[in-house]
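Data from work.txt: compact mmCIF, N, CA and C atoms
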# COMPACT_ATOMS: atom_id res chain seq x y z
N MET A 1 10.75 114.36 -3.89
CA MET A 1 10.29 113.11 -4.48
C MET A 1 8.77 113.03 -4.38
N VAL A 2 8.15 112.61 -5.42
CA VAL A 2 6.69 112.50 -5.46
C VAL A 2 6.27 111.28 -4.64
N GLU A 3 5.16 111.42 -3.95
CA GLU A 3 4.63 110.33 -3.14
C GLU A 3 3.44 109.69 -3.84
N ARG A 4 3.31 108.38 -3.70
CA ARG A 4 2.18 107.67 -4.30
C ARG A 4 0.90 107.87 -3.48
N VAL A 5 1.06 108.11 -2.18
CA VAL A 5 -0.10 108.32 -1.32
C VAL A 5 0.21 109.47 -0.35
N THR A 6 -0.76 110.37 -0.19
CA THR A 6 -0.66 111.48 0.75
C THR A 6 -1.97 111.55 1.52
N ALA A 7 -2.03 112.48 2.46
CA ALA A 7 -3.26 112.63 3.25
C ALA A 7 -3.50 114.11 3.53
N THR A 8 -4.76 114.46 3.65
CA THR A 8 -5.13 115.82 4.02
C THR A 8 -4.83 116.04 5.50
N ASP A 9 -4.81 117.29 5.91
CA ASP A 9 -4.59 117.60 7.33
C ASP A 9 -5.67 116.96 8.20
N GLU A 10 -6.91 116.95 7.71
CA GLU A 10 -8.01 116.35 8.47
C GLU A 10 -7.80 114.85 8.65
N ALA A 11 -7.34 114.19 7.60
CA ALA A 11 -7.08 112.75 7.69
C ALA A 11 -5.92 112.48 8.65
N LEU A 12 -4.87 113.30 8.58
CA LEU A 12 -3.73 113.12 9.49
C LEU A 12 -4.14 113.33 10.95
N ALA A 13 -5.02 114.29 11.20
CA ALA A 13 -5.49 114.52 12.57
C ALA A 13 -6.27 113.30 13.07
N LEU A 14 -7.11 112.73 12.22
CA LEU A 14 -7.87 111.55 12.62
C LEU A 14 -6.95 110.35 12.83
N ILE A 15 -5.96 110.19 11.98
CA ILE A 15 -4.99 109.10 12.15
C ILE A 15 -4.30 109.24 13.50
N ASN A 16 -3.86 110.45 13.85
CA ASN A 16 -3.21 110.66 15.14
C ASN A 16 -4.14 110.36 16.31
N LYS A 17 -5.39 110.74 16.19
CA LYS A 17 -6.37 110.43 17.25
C LYS A 17 -6.53 108.91 17.39
N LEU A 18 -6.66 108.22 16.27
CA LEU A 18 -6.84 106.77 16.30
C LEU A 18 -5.60 106.05 16.84
N LYS A 19 -4.41 106.58 16.52
CA LYS A 19 -3.18 105.99 17.07
C LYS A 19 -3.15 106.13 18.59
N GLY A 20 -3.67 107.25 19.10
CA GLY A 20 -3.73 107.44 20.54
C GLY A 20 -4.65 106.44 21.23
N ILE A 21 -5.66 106.00 20.52
CA ILE A 21 -6.63 105.04 21.07
C ILE A 21 -6.17 103.60 20.85
N HIS A 22 -5.69 103.29 19.63
CA HIS A 22 -5.44 101.90 19.22
C HIS A 22 -3.97 101.52 19.08
N GLY A 23 -3.07 102.47 19.18
CA GLY A 23 -1.66 102.18 18.95
C GLY A 23 -1.33 102.24 17.47
N PRO A 24 -0.21 101.61 17.06
CA PRO A 24 0.20 101.66 15.65
C PRO A 24 -0.89 101.13 14.72
N LEU A 25 -1.02 101.80 13.56
CA LEU A 25 -2.07 101.48 12.60
C LEU A 25 -1.49 101.11 11.25
N MET A 26 -2.36 100.65 10.36
CA MET A 26 -2.02 100.45 8.96
C MET A 26 -3.29 100.62 8.14
N PHE A 27 -3.11 100.93 6.86
CA PHE A 27 -4.22 101.06 5.92
C PHE A 27 -4.11 99.99 4.86
N HIS A 28 -5.27 99.55 4.37
CA HIS A 28 -5.31 98.64 3.24
C HIS A 28 -6.52 98.99 2.38
N GLN A 29 -6.30 99.03 1.08
CA GLN A 29 -7.39 99.25 0.13
C GLN A 29 -7.35 98.11 -0.87
N SER A 30 -8.39 97.29 -0.84
CA SER A 30 -8.36 96.06 -1.63
C SER A 30 -8.99 96.18 -3.00
N GLY A 31 -9.97 97.03 -3.15
CA GLY A 31 -10.67 97.13 -4.42
C GLY A 31 -11.79 96.15 -4.56
N GLY A 32 -12.07 95.42 -3.48
CA GLY A 32 -13.18 94.48 -3.51
C GLY A 32 -14.51 95.21 -3.50
N CYS A 33 -15.57 94.47 -3.44
CA CYS A 33 -16.88 95.10 -3.43
C CYS A 33 -17.14 95.77 -2.08
N CYS A 34 -18.14 96.60 -2.06
CA CYS A 34 -18.60 97.24 -0.83
C CYS A 34 -17.48 98.01 -0.14
N ASP A 35 -17.19 97.65 1.13
CA ASP A 35 -16.20 98.38 1.90
C ASP A 35 -14.78 98.23 1.36
N GLY A 36 -14.50 97.17 0.62
CA GLY A 36 -13.15 96.92 0.15
C GLY A 36 -12.60 97.97 -0.79
N SER A 37 -13.46 98.78 -1.39
CA SER A 37 -12.98 99.81 -2.30
C SER A 37 -12.63 101.10 -1.56
N SER A 38 -12.82 101.13 -0.25
CA SER A 38 -12.47 102.28 0.58
C SER A 38 -11.18 101.99 1.33
N PRO A 39 -10.44 103.04 1.70
CA PRO A 39 -9.27 102.79 2.53
C PRO A 39 -9.72 102.35 3.92
N MET A 40 -9.22 101.22 4.36
CA MET A 40 -9.61 100.66 5.65
C MET A 40 -8.44 100.80 6.62
N CYS A 41 -8.73 101.26 7.82
CA CYS A 41 -7.74 101.48 8.85
C CYS A 41 -7.86 100.39 9.92
N TYR A 42 -6.74 99.74 10.21
CA TYR A 42 -6.72 98.63 11.17
C TYR A 42 -5.58 98.81 12.16
N PRO A 43 -5.69 98.18 13.34
CA PRO A 43 -4.49 98.07 14.18
C PRO A 43 -3.42 97.34 13.38
N ARG A 44 -2.18 97.79 13.47
CA ARG A 44 -1.12 97.29 12.59
C ARG A 44 -0.94 95.78 12.63
N ASP A 45 -1.11 95.17 13.76
CA ASP A 45 -0.87 93.73 13.86
C ASP A 45 -2.11 92.88 13.63
N GLU A 46 -3.23 93.48 13.23
CA GLU A 46 -4.47 92.71 13.09
C GLU A 46 -4.90 92.49 11.64
N PHE A 47 -4.04 92.82 10.69
CA PHE A 47 -4.34 92.57 9.28
C PHE A 47 -3.09 92.01 8.64
N ARG A 48 -3.23 90.88 8.00
CA ARG A 48 -2.06 90.23 7.39
C ARG A 48 -1.89 90.72 5.94
N ILE A 49 -0.69 91.20 5.68
CA ILE A 49 -0.33 91.62 4.32
C ILE A 49 0.25 90.41 3.61
N GLY A 50 -0.12 90.25 2.34
CA GLY A 50 0.37 89.11 1.56
C GLY A 50 1.16 89.53 0.35
N GLU A 51 1.55 88.55 -0.42
CA GLU A 51 2.33 88.80 -1.64
C GLU A 51 1.53 89.58 -2.68
N SER A 52 0.23 89.59 -2.55
CA SER A 52 -0.61 90.30 -3.52
C SER A 52 -0.88 91.74 -3.09
N ASP A 53 -0.14 92.24 -2.10
CA ASP A 53 -0.31 93.62 -1.64
C ASP A 53 0.93 94.45 -1.95
N VAL A 54 0.70 95.73 -2.27
CA VAL A 54 1.77 96.67 -2.61
C VAL A 54 1.80 97.77 -1.56
N LEU A 55 2.98 98.04 -1.00
CA LEU A 55 3.13 99.17 -0.08
C LEU A 55 3.30 100.43 -0.92
N LEU A 56 2.33 101.36 -0.81
CA LEU A 56 2.40 102.60 -1.58
C LEU A 56 3.21 103.67 -0.87
N GLY A 57 3.27 103.61 0.44
CA GLY A 57 3.97 104.62 1.22
C GLY A 57 3.38 104.69 2.60
N GLU A 58 3.62 105.81 3.26
CA GLU A 58 3.09 106.03 4.60
C GLU A 58 2.37 107.37 4.66
N ILE A 59 1.32 107.41 5.47
CA ILE A 59 0.64 108.66 5.79
C ILE A 59 0.57 108.73 7.31
N GLY A 60 1.05 109.81 7.88
CA GLY A 60 1.06 109.93 9.33
C GLY A 60 1.82 108.80 9.99
N ASP A 61 2.97 108.42 9.43
CA ASP A 61 3.79 107.30 9.94
C ASP A 61 3.01 106.00 9.99
N THR A 62 2.06 105.85 9.09
CA THR A 62 1.20 104.67 9.03
C THR A 62 1.28 104.08 7.63
N PRO A 63 1.71 102.82 7.49
CA PRO A 63 1.83 102.22 6.15
C PRO A 63 0.49 102.10 5.45
N PHE A 64 0.52 102.30 4.13
CA PHE A 64 -0.68 102.22 3.30
C PHE A 64 -0.44 101.19 2.20
N TYR A 65 -1.23 100.13 2.21
CA TYR A 65 -1.12 99.04 1.24
C TYR A 65 -2.34 99.02 0.32
N MET A 66 -2.12 98.48 -0.86
CA MET A 66 -3.20 98.30 -1.83
C MET A 66 -3.00 96.94 -2.49
N SER A 67 -4.11 96.29 -2.81
CA SER A 67 -3.98 95.00 -3.50
C SER A 67 -3.32 95.24 -4.86
N LYS A 68 -2.51 94.28 -5.28
CA LYS A 68 -1.76 94.40 -6.53
C LYS A 68 -2.67 94.60 -7.73
N ASP A 69 -3.80 93.90 -7.76
CA ASP A 69 -4.74 94.06 -8.87
C ASP A 69 -5.27 95.48 -8.96
N GLN A 70 -5.65 96.03 -7.82
CA GLN A 70 -6.16 97.40 -7.83
C GLN A 70 -5.06 98.40 -8.16
N TYR A 71 -3.86 98.14 -7.67
CA TYR A 71 -2.73 99.02 -7.96
C TYR A 71 -2.54 99.18 -9.47
N GLU A 72 -2.74 98.11 -10.23
CA GLU A 72 -2.58 98.19 -11.68
C GLU A 72 -3.52 99.24 -12.28
N TYR A 73 -4.69 99.43 -11.70
CA TYR A 73 -5.64 100.45 -12.19
C TYR A 73 -5.26 101.85 -11.70
N TRP A 74 -4.66 101.94 -10.53
CA TRP A 74 -4.41 103.22 -9.88
C TRP A 74 -2.97 103.71 -9.99
N LYS A 75 -2.07 102.95 -10.59
CA LYS A 75 -0.65 103.28 -10.53
C LYS A 75 -0.30 104.61 -11.20
N HIS A 76 -1.17 105.12 -12.06
CA HIS A 76 -0.92 106.40 -12.72
C HIS A 76 -1.45 107.59 -11.92
N THR A 77 -1.95 107.31 -10.71
CA THR A 77 -2.54 108.37 -9.90
C THR A 77 -1.92 108.44 -8.51
N GLN A 78 -1.92 109.63 -7.98
CA GLN A 78 -1.55 109.83 -6.58
C GLN A 78 -2.83 109.71 -5.76
N LEU A 79 -2.79 108.88 -4.73
CA LEU A 79 -3.95 108.76 -3.84
C LEU A 79 -3.84 109.83 -2.76
N ILE A 80 -4.95 110.49 -2.52
CA ILE A 80 -5.02 111.53 -1.49
C ILE A 80 -6.09 111.08 -0.51
N ILE A 81 -5.66 110.66 0.68
CA ILE A 81 -6.60 110.15 1.66
C ILE A 81 -7.18 111.33 2.43
N ASP A 82 -8.49 111.38 2.44
CA ASP A 82 -9.24 112.46 3.08
C ASP A 82 -10.19 111.83 4.09
N VAL A 83 -10.89 112.64 4.82
CA VAL A 83 -11.88 112.16 5.77
C VAL A 83 -13.14 113.00 5.62
N VAL A 84 -14.29 112.34 5.70
CA VAL A 84 -15.58 113.02 5.60
C VAL A 84 -16.48 112.50 6.71
N ASP A 85 -17.54 113.24 7.00
CA ASP A 85 -18.52 112.79 7.98
C ASP A 85 -19.27 111.58 7.43
N GLY A 86 -19.63 110.68 8.31
CA GLY A 86 -20.42 109.53 7.91
C GLY A 86 -19.79 108.23 8.37
N ARG A 87 -20.50 107.16 8.12
CA ARG A 87 -20.02 105.83 8.50
C ARG A 87 -19.40 105.16 7.29
N GLY A 88 -18.21 104.62 7.48
CA GLY A 88 -17.53 103.91 6.41
C GLY A 88 -17.61 102.42 6.63
N GLY A 89 -16.51 101.74 6.37
CA GLY A 89 -16.46 100.30 6.53
C GLY A 89 -16.65 99.88 7.97
N MET A 90 -17.42 98.83 8.17
CA MET A 90 -17.73 98.43 9.53
C MET A 90 -16.52 97.90 10.28
N PHE A 91 -15.45 97.53 9.58
CA PHE A 91 -14.25 97.02 10.26
C PHE A 91 -13.16 98.08 10.39
N SER A 92 -13.34 99.22 9.77
CA SER A 92 -12.34 100.28 9.82
C SER A 92 -12.48 101.06 11.12
N LEU A 93 -11.35 101.42 11.72
CA LEU A 93 -11.34 101.98 13.07
C LEU A 93 -11.99 103.34 13.22
N GLU A 94 -12.15 104.08 12.15
CA GLU A 94 -12.69 105.45 12.29
C GLU A 94 -14.21 105.47 12.44
N GLY A 95 -14.89 104.37 12.18
CA GLY A 95 -16.35 104.31 12.23
C GLY A 95 -16.98 104.89 13.49
N PRO A 96 -16.53 104.50 14.68
CA PRO A 96 -17.13 105.04 15.90
C PRO A 96 -16.94 106.55 16.08
N GLU A 97 -16.03 107.13 15.32
CA GLU A 97 -15.79 108.57 15.41
C GLU A 97 -16.79 109.37 14.56
N GLY A 98 -17.67 108.68 13.83
CA GLY A 98 -18.63 109.36 12.96
C GLY A 98 -17.98 109.91 11.70
N LYS A 99 -16.82 109.37 11.35
CA LYS A 99 -16.06 109.80 10.17
C LYS A 99 -15.74 108.58 9.33
N ARG A 100 -15.34 108.84 8.08
CA ARG A 100 -14.84 107.75 7.25
C ARG A 100 -13.73 108.28 6.36
N PHE A 101 -12.75 107.43 6.13
CA PHE A 101 -11.67 107.78 5.21
C PHE A 101 -12.17 107.62 3.79
N LEU A 102 -11.68 108.46 2.91
CA LEU A 102 -12.10 108.49 1.52
C LEU A 102 -10.87 108.69 0.65
N THR A 103 -10.80 107.99 -0.47
CA THR A 103 -9.69 108.15 -1.40
C THR A 103 -10.07 109.11 -2.51
N ARG A 104 -9.27 110.15 -2.65
CA ARG A 104 -9.37 111.06 -3.79
C ARG A 104 -8.10 110.79 -4.60
N SER A 105 -8.05 111.27 -5.81
CA SER A 105 -6.86 111.00 -6.61
C SER A 105 -6.63 112.10 -7.62
N ARG A 106 -5.41 112.11 -8.12
CA ARG A 106 -5.05 112.97 -9.25
C ARG A 106 -4.05 112.20 -10.10
N VAL A 107 -4.10 112.42 -11.40
CA VAL A 107 -3.20 111.74 -12.33
C VAL A 107 -1.81 112.35 -12.20
N PHE A 108 -0.79 111.48 -12.13
CA PHE A 108 0.58 111.97 -12.09
C PHE A 108 0.92 112.70 -13.38
N THR A 109 1.75 113.72 -13.27
CA THR A 109 2.24 114.41 -14.46
C THR A 109 3.24 113.50 -15.20
N LYS A 110 3.58 113.87 -16.40
CA LYS A 110 4.55 113.10 -17.18
C LYS A 110 5.88 113.00 -16.43
N GLU A 111 6.29 114.10 -15.83
CA GLU A 111 7.56 114.13 -15.09
C GLU A 111 7.49 113.21 -13.86
N GLU A 112 6.35 113.23 -13.17
CA GLU A 112 6.19 112.37 -11.99
C GLU A 112 6.18 110.89 -12.39
N ARG A 113 5.51 110.57 -13.49
CA ARG A 113 5.51 109.17 -13.97
C ARG A 113 6.92 108.71 -14.28
N LYS A 114 7.71 109.60 -14.89
CA LYS A 114 9.11 109.25 -15.19
C LYS A 114 9.88 109.01 -13.90
N GLU A 115 9.71 109.89 -12.92
CA GLU A 115 10.39 109.73 -11.63
C GLU A 115 10.01 108.41 -10.95
N LEU A 116 8.75 108.05 -11.04
CA LEU A 116 8.27 106.82 -10.43
C LEU A 116 8.48 105.59 -11.31
N GLN A 117 8.99 105.81 -12.52
CA GLN A 117 9.25 104.74 -13.49
C GLN A 117 7.97 104.00 -13.86
N ILE A 118 6.93 104.81 -14.14
CA ILE A 118 5.65 104.28 -14.59
C ILE A 118 5.52 104.59 -16.07
N GLY A 119 5.23 103.61 -16.86
CA GLY A 119 5.06 103.83 -18.30
C GLY A 119 3.80 104.62 -18.60
N GLY A 120 3.70 105.13 -19.79
CA GLY A 120 2.50 105.82 -20.24
C GLY A 120 2.69 107.26 -20.19
structure tokens encoding of this file:
Amino acid sequence: MVERVTATDEALALINKLKGIHGPLMFHQSGGCCDGSSPMCYPRDEFRIGESDVLLGEIGDTPFYMSKDQYEYWKHTQLIIDVVDGRGGMFSLEGPEGKRFLTRSRVFTKEERKELQIGG
């Protein structure tokens, strides 16, 4: 089965490190300005998910949510969460590690869109 969100080995290693420090985590990508357009990593109980958020899946046993409005733009793509050197969002947990999560993407194939029941 095709996944809507996946992660690179480097991102999974960082997620595991952060879970060891902070406990259970979650991701949210809002599509807002500045940091909101990046995947943000939070302690699982410190960010409230609302009706306007879509659960895309899990990476490293960590749920990944996206705002519904942004999902409408990205629903034809698979998100690939990666990690690069540098400082990301000031509220995201990876900042002190000198790393930041980054979203890469690829367009789903026709067969994958059919499996996911996405038009187009």
Requested in this report: Do a neighbour search on Arg100 in chain A at 7 Å with all atoms listed in the file, toss out local chain neighbours closer than 2 positions, and write the hits as a ChimeraX atom specification.
Outcome: /A:82-89,94-95,97-98,102
Query - atom C of Glu10 in chain A to atom N of Val107 in chain A, distance in Å rounded to a single decimal - result: 20.5 Å
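Using all atoms listed in the file for every distance, the candidate list A:Phe64, A:Leu14, A:Leu55, A:Thr6 yields A:Phe64 as the residue closest to Met26 in chain A.
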Query raised in the report: Between CA of Val54 in chain A and CA of Gly20 in chain A, what is the distance, to one decimal in Å?
Result: 26.1 Å
Report task. List every residue of range 20-85 of chain A that DSSP, applied to the backbone, labels as strand (DSSP E or B), and write the result as a ChimeraX atom specification. Result -> /A:25-29,40-43,53-59,62-67,77-85
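Those residues of chain A that DSSP, working from the backbone, places in alpha helix (DSSP H) are Asp9, Glu10, Ala11, Leu12, Ala13, Leu14, Ile15, Asn16, Lys17, Leu18, Lys19, Gly20, Ile21, His22, Lys68, Asp69, Gln70, Tyr71, Glu72, Tyr73, Trp74, Lys110, Glu111, Glu112, Arg113, Lys114, Glu115 and Leu116 of chain A.
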For the selection just defined, write its residues with N, CA and C atoms to a file, as a PDB file, keeping the file's coordinate frame.
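Listed below is the output, again.pdb:
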ATOM      1  N   ASP A   9      -4.810 117.290   5.910  1.00  0.00           N
ATOM      2  CA  ASP A   9      -4.590 117.600   7.330  1.00  0.00           C
ATOM      3  C   ASP A   9      -5.670 116.960   8.200  1.00  0.00           C
ATOM      4  N   GLU A  10      -6.910 116.950   7.710  1.00  0.00           N
ATOM      5  CA  GLU A  10      -8.010 116.350   8.470  1.00  0.00           C
ATOM      6  C   GLU A  10      -7.800 114.850   8.650  1.00  0.00           C
ATOM      7  N   ALA A  11      -7.340 114.190   7.600  1.00  0.00           N
ATOM      8  CA  ALA A  11      -7.080 112.750   7.690  1.00  0.00           C
ATOM      9  C   ALA A  11      -5.920 112.480   8.650  1.00  0.00           C
ATOM     10  N   LEU A  12      -4.870 113.300   8.580  1.00  0.00           N
ATOM     11  CA  LEU A  12      -3.730 113.120   9.490  1.00  0.00           C
ATOM     12  C   LEU A  12      -4.140 113.330  10.950  1.00  0.00           C
ATOM     13  N   ALA A  13      -5.020 114.290  11.200  1.00  0.00           N
ATOM     14  CA  ALA A  13      -5.490 114.520  12.570  1.00  0.00           C
ATOM     15  C   ALA A  13      -6.270 113.300  13.070  1.00  0.00           C
ATOM     16  N   LEU A  14      -7.110 112.730  12.220  1.00  0.00           N
ATOM     17  CA  LEU A  14      -7.870 111.550  12.620  1.00  0.00           C
ATOM     18  C   LEU A  14      -6.950 110.350  12.830  1.00  0.00           C
ATOM     19  N   ILE A  15      -5.960 110.190  11.980  1.00  0.00           N
ATOM     20  CA  ILE A  15      -4.990 109.100  12.150  1.00  0.00           C
ATOM     21  C   ILE A  15      -4.300 109.240  13.500  1.00  0.00           C
ATOM     22  N   ASN A  16      -3.860 110.450  13.850  1.00  0.00           N
ATOM     23  CA  ASN A  16      -3.210 110.660  15.140  1.00  0.00           C
ATOM     24  C   ASN A  16      -4.140 110.360  16.310  1.00  0.00           C
ATOM     25  N   LYS A  17      -5.390 110.740  16.190  1.00  0.00           N
ATOM     26  CA  LYS A  17      -6.370 110.430  17.250  1.00  0.00           C
ATOM     27  C   LYS A  17      -6.530 108.910  17.390  1.00  0.00           C
ATOM     28  N   LEU A  18      -6.660 108.220  16.270  1.00  0.00           N
ATOM     29  CA  LEU A  18      -6.840 106.770  16.300  1.00  0.00           C
ATOM     30  C   LEU A  18      -5.600 106.050  16.840  1.00  0.00           C
ATOM     31  N   LYS A  19      -4.410 106.580  16.520  1.00  0.00           N
ATOM     32  CA  LYS A  19      -3.180 105.990  17.070  1.00  0.00           C
ATOM     33  C   LYS A  19      -3.150 106.130  18.590  1.00  0.00           C
ATOM     34  N   GLY A  20      -3.670 107.250  19.100  1.00  0.00           N
ATOM     35  CA  GLY A  20      -3.730 107.440  20.540  1.00  0.00           C
ATOM     36  C   GLY A  20      -4.650 106.440  21.230  1.00  0.00           C
ATOM     37  N   ILE A  21      -5.660 106.000  20.520  1.00  0.00           N
ATOM     38  CA  ILE A  21      -6.630 105.040  21.070  1.00  0.00           C
ATOM     39  C   ILE A  21      -6.170 103.600  20.850  1.00  0.00           C
ATOM     40  N   HIS A  22      -5.690 103.290  19.630  1.00  0.00           N
ATOM     41  CA  HIS A  22      -5.440 101.900  19.220  1.00  0.00           C
ATOM     42  C   HIS A  22      -3.970 101.520  19.080  1.00  0.00           C
ATOM     43  N   LYS A  68      -2.510  94.280  -5.280  1.00  0.00           N
ATOM     44  CA  LYS A  68      -1.760  94.400  -6.530  1.00  0.00           C
ATOM     45  C   LYS A  68      -2.670  94.600  -7.730  1.00  0.00           C
ATOM     46  N   ASP A  69      -3.800  93.900  -7.760  1.00  0.00           N
ATOM     47  CA  ASP A  69      -4.740  94.060  -8.870  1.00  0.00           C
ATOM     48  C   ASP A  69      -5.270  95.480  -8.960  1.00  0.00           C
ATOM     49  N   GLN A  70      -5.650  96.030  -7.820  1.00  0.00           N
ATOM     50  CA  GLN A  70      -6.160  97.400  -7.830  1.00  0.00           C
ATOM     51  C   GLN A  70      -5.060  98.400  -8.160  1.00  0.00           C
ATOM     52  N   TYR A  71      -3.860  98.140  -7.670  1.00  0.00           N
ATOM     53  CA  TYR A  71      -2.730  99.020  -7.960  1.00  0.00           C
ATOM     54  C   TYR A  71      -2.540  99.180  -9.470  1.00  0.00           C
ATOM     55  N   GLU A  72      -2.740  98.110 -10.230  1.00  0.00           N
ATOM     56  CA  GLU A  72      -2.580  98.190 -11.680  1.00  0.00           C
ATOM     57  C   GLU A  72      -3.520  99.240 -12.280  1.00  0.00           C
ATOM     58  N   TYR A  73      -4.690  99.430 -11.700  1.00  0.00           N
ATOM     59  CA  TYR A  73      -5.640 100.450 -12.190  1.00  0.00           C
ATOM     60  C   TYR A  73      -5.260 101.850 -11.700  1.00  0.00           C
ATOM     61  N   TRP A  74      -4.660 101.940 -10.530  1.00  0.00           N
ATOM     62  CA  TRP A  74      -4.410 103.220  -9.880  1.00  0.00           C
ATOM     63  C   TRP A  74      -2.970 103.710  -9.990  1.00  0.00           C
ATOM     64  N   LYS A 110       3.580 113.870 -16.400  1.00  0.00           N
ATOM     65  CA  LYS A 110       4.550 113.100 -17.180  1.00  0.00           C
ATOM     66  C   LYS A 110       5.880 113.000 -16.430  1.00  0.00           C
ATOM     67  N   GLU A 111       6.290 114.100 -15.830  1.00  0.00           N
ATOM     68  CA  GLU A 111       7.560 114.130 -15.090  1.00  0.00           C
ATOM     69  C   GLU A 111       7.490 113.210 -13.860  1.00  0.00           C
ATOM     70  N   GLU A 112       6.350 113.230 -13.170  1.00  0.00           N
ATOM     71  CA  GLU A 112       6.190 112.370 -11.990  1.00  0.00           C
ATOM     72  C   GLU A 112       6.180 110.890 -12.390  1.00  0.00           C
ATOM     73  N   ARG A 113       5.510 110.570 -13.490  1.00  0.00           N
ATOM     74  CA  ARG A 113       5.510 109.170 -13.970  1.00  0.00           C
ATOM     75  C   ARG A 113       6.920 108.710 -14.280  1.00  0.00           C
ATOM     76  N   LYS A 114       7.710 109.600 -14.890  1.00  0.00           N
ATOM     77  CA  LYS A 114       9.110 109.250 -15.190  1.00  0.00           C
ATOM     78  C   LYS A 114       9.880 109.010 -13.900  1.00  0.00           C
ATOM     79  N   GLU A 115       9.710 109.890 -12.920  1.00  0.00           N
ATOM     80  CA  GLU A 115      10.390 109.730 -11.630  1.00  0.00           C
ATOM     81  C   GLU A 115      10.010 108.410 -10.950  1.00  0.00           C
ATOM     82  N   LEU A 116       8.750 108.050 -11.040  1.00  0.00           N
ATOM     83  CA  LEU A 116       8.270 106.820 -10.430  1.00  0.00           C
ATOM     84  C   LEU A 116       8.480 105.590 -11.310  1.00  0.00           C
TER      85      LEU A 116
END
Counting only N, CA and C atoms, I want the residues whose atoms come within 6.5 Å of (-0.1, 111.0, 10.0) in the file frame, returned as a JSON list (two decimals) with N, CA and C atoms, in the coordinates of the input.
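Generated file (point_28.json):
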[["chain", "number", "residue", "atom", "x", "y", "z"],
["A", 11, "ALA", "N", -7.34, 114.19, 7.60],
["A", 11, "ALA", "CA", -7.08, 112.75, 7.69],
["A", 11, "ALA", "C", -5.92, 112.48, 8.65],
["A", 12, "LEU", "N", -4.87, 113.30, 8.58],
["A", 12, "LEU", "CA", -3.73, 113.12, 9.49],
["A", 12, "LEU", "C", -4.14, 113.33, 10.95],
["A", 13, "ALA", "N", -5.02, 114.29, 11.20],
["A", 13, "ALA", "CA", -5.49, 114.52, 12.57],
["A", 13, "ALA", "C", -6.27, 113.30, 13.07],
["A", 15, "ILE", "N", -5.96, 110.19, 11.98],
["A", 15, "ILE", "CA", -4.99, 109.10, 12.15],
["A", 15, "ILE", "C", -4.30, 109.24, 13.50],
["A", 16, "ASN", "N", -3.86, 110.45, 13.85],
["A", 16, "ASN", "CA", -3.21, 110.66, 15.14],
["A", 16, "ASN", "C", -4.14, 110.36, 16.31],
["A", 59, "ILE", "N", 1.32, 107.41, 5.47],
["A", 59, "ILE", "CA", 0.64, 108.66, 5.79],
["A", 59, "ILE", "C", 0.57, 108.73, 7.31],
["A", 60, "GLY", "N", 1.05, 109.81, 7.88],
["A", 60, "GLY", "CA", 1.06, 109.93, 9.33],
["A", 60, "GLY", "C", 1.82, 108.80, 9.99],
["A", 61, "ASP", "N", 2.97, 108.42, 9.43],
["A", 61, "ASP", "CA", 3.79, 107.30, 9.94],
["A", 61, "ASP", "C", 3.01, 106.00, 9.99],
["A", 62, "THR", "N", 2.06, 105.85, 9.09],
["A", 62, "THR", "CA", 1.20, 104.67, 9.03],
["A", 62, "THR", "C", 1.28, 104.08, 7.63]]
Report task. Mind checking which residues fall within 6.5 Å of Leu79 in chain A, counting only N, CA and C atoms, ignoring those fewer than 5 positions away in the same chain, and posting them as a PyMOL selection string? Result -> chain A and resi 3-7+103-106
Report task. Can you work out which one of A:Ser92, A:Glu58, A:Thr8, A:Glu72 has the shortest atom-to-atom distance to Pro43 in chain A, counting all atoms listed in the file? Result -> A:Ser92
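The closest residue to Phe108 in chain A, picked from A:Ser52, A:Met90, A:Lys75, A:Gly23 and counting all atoms listed in the file, is A:Lys75.
With CA of Pro39 in chain A on one side and CA of Ile80 in chain A on the other, the separation reads 10.5 Å.
The smallest atom-to-atom distance between Tyr42 in chain A and any of A:Leu116, A:Leu93, A:Val2, A:Leu56, using all atoms listed in the file, is found for A:Leu93.
Distance check against Phe27 in chain A using only N, CA and C atoms: of A:Met66, A:Ile81, A:Ile118, A:Met1, the minimum falls on A:Met66.
Nearest residue to Met40 in chain A, choosing from A:Phe91, A:His22, A:Glu115, A:Trp74 and counting only C-alpha atoms: A:Phe91.
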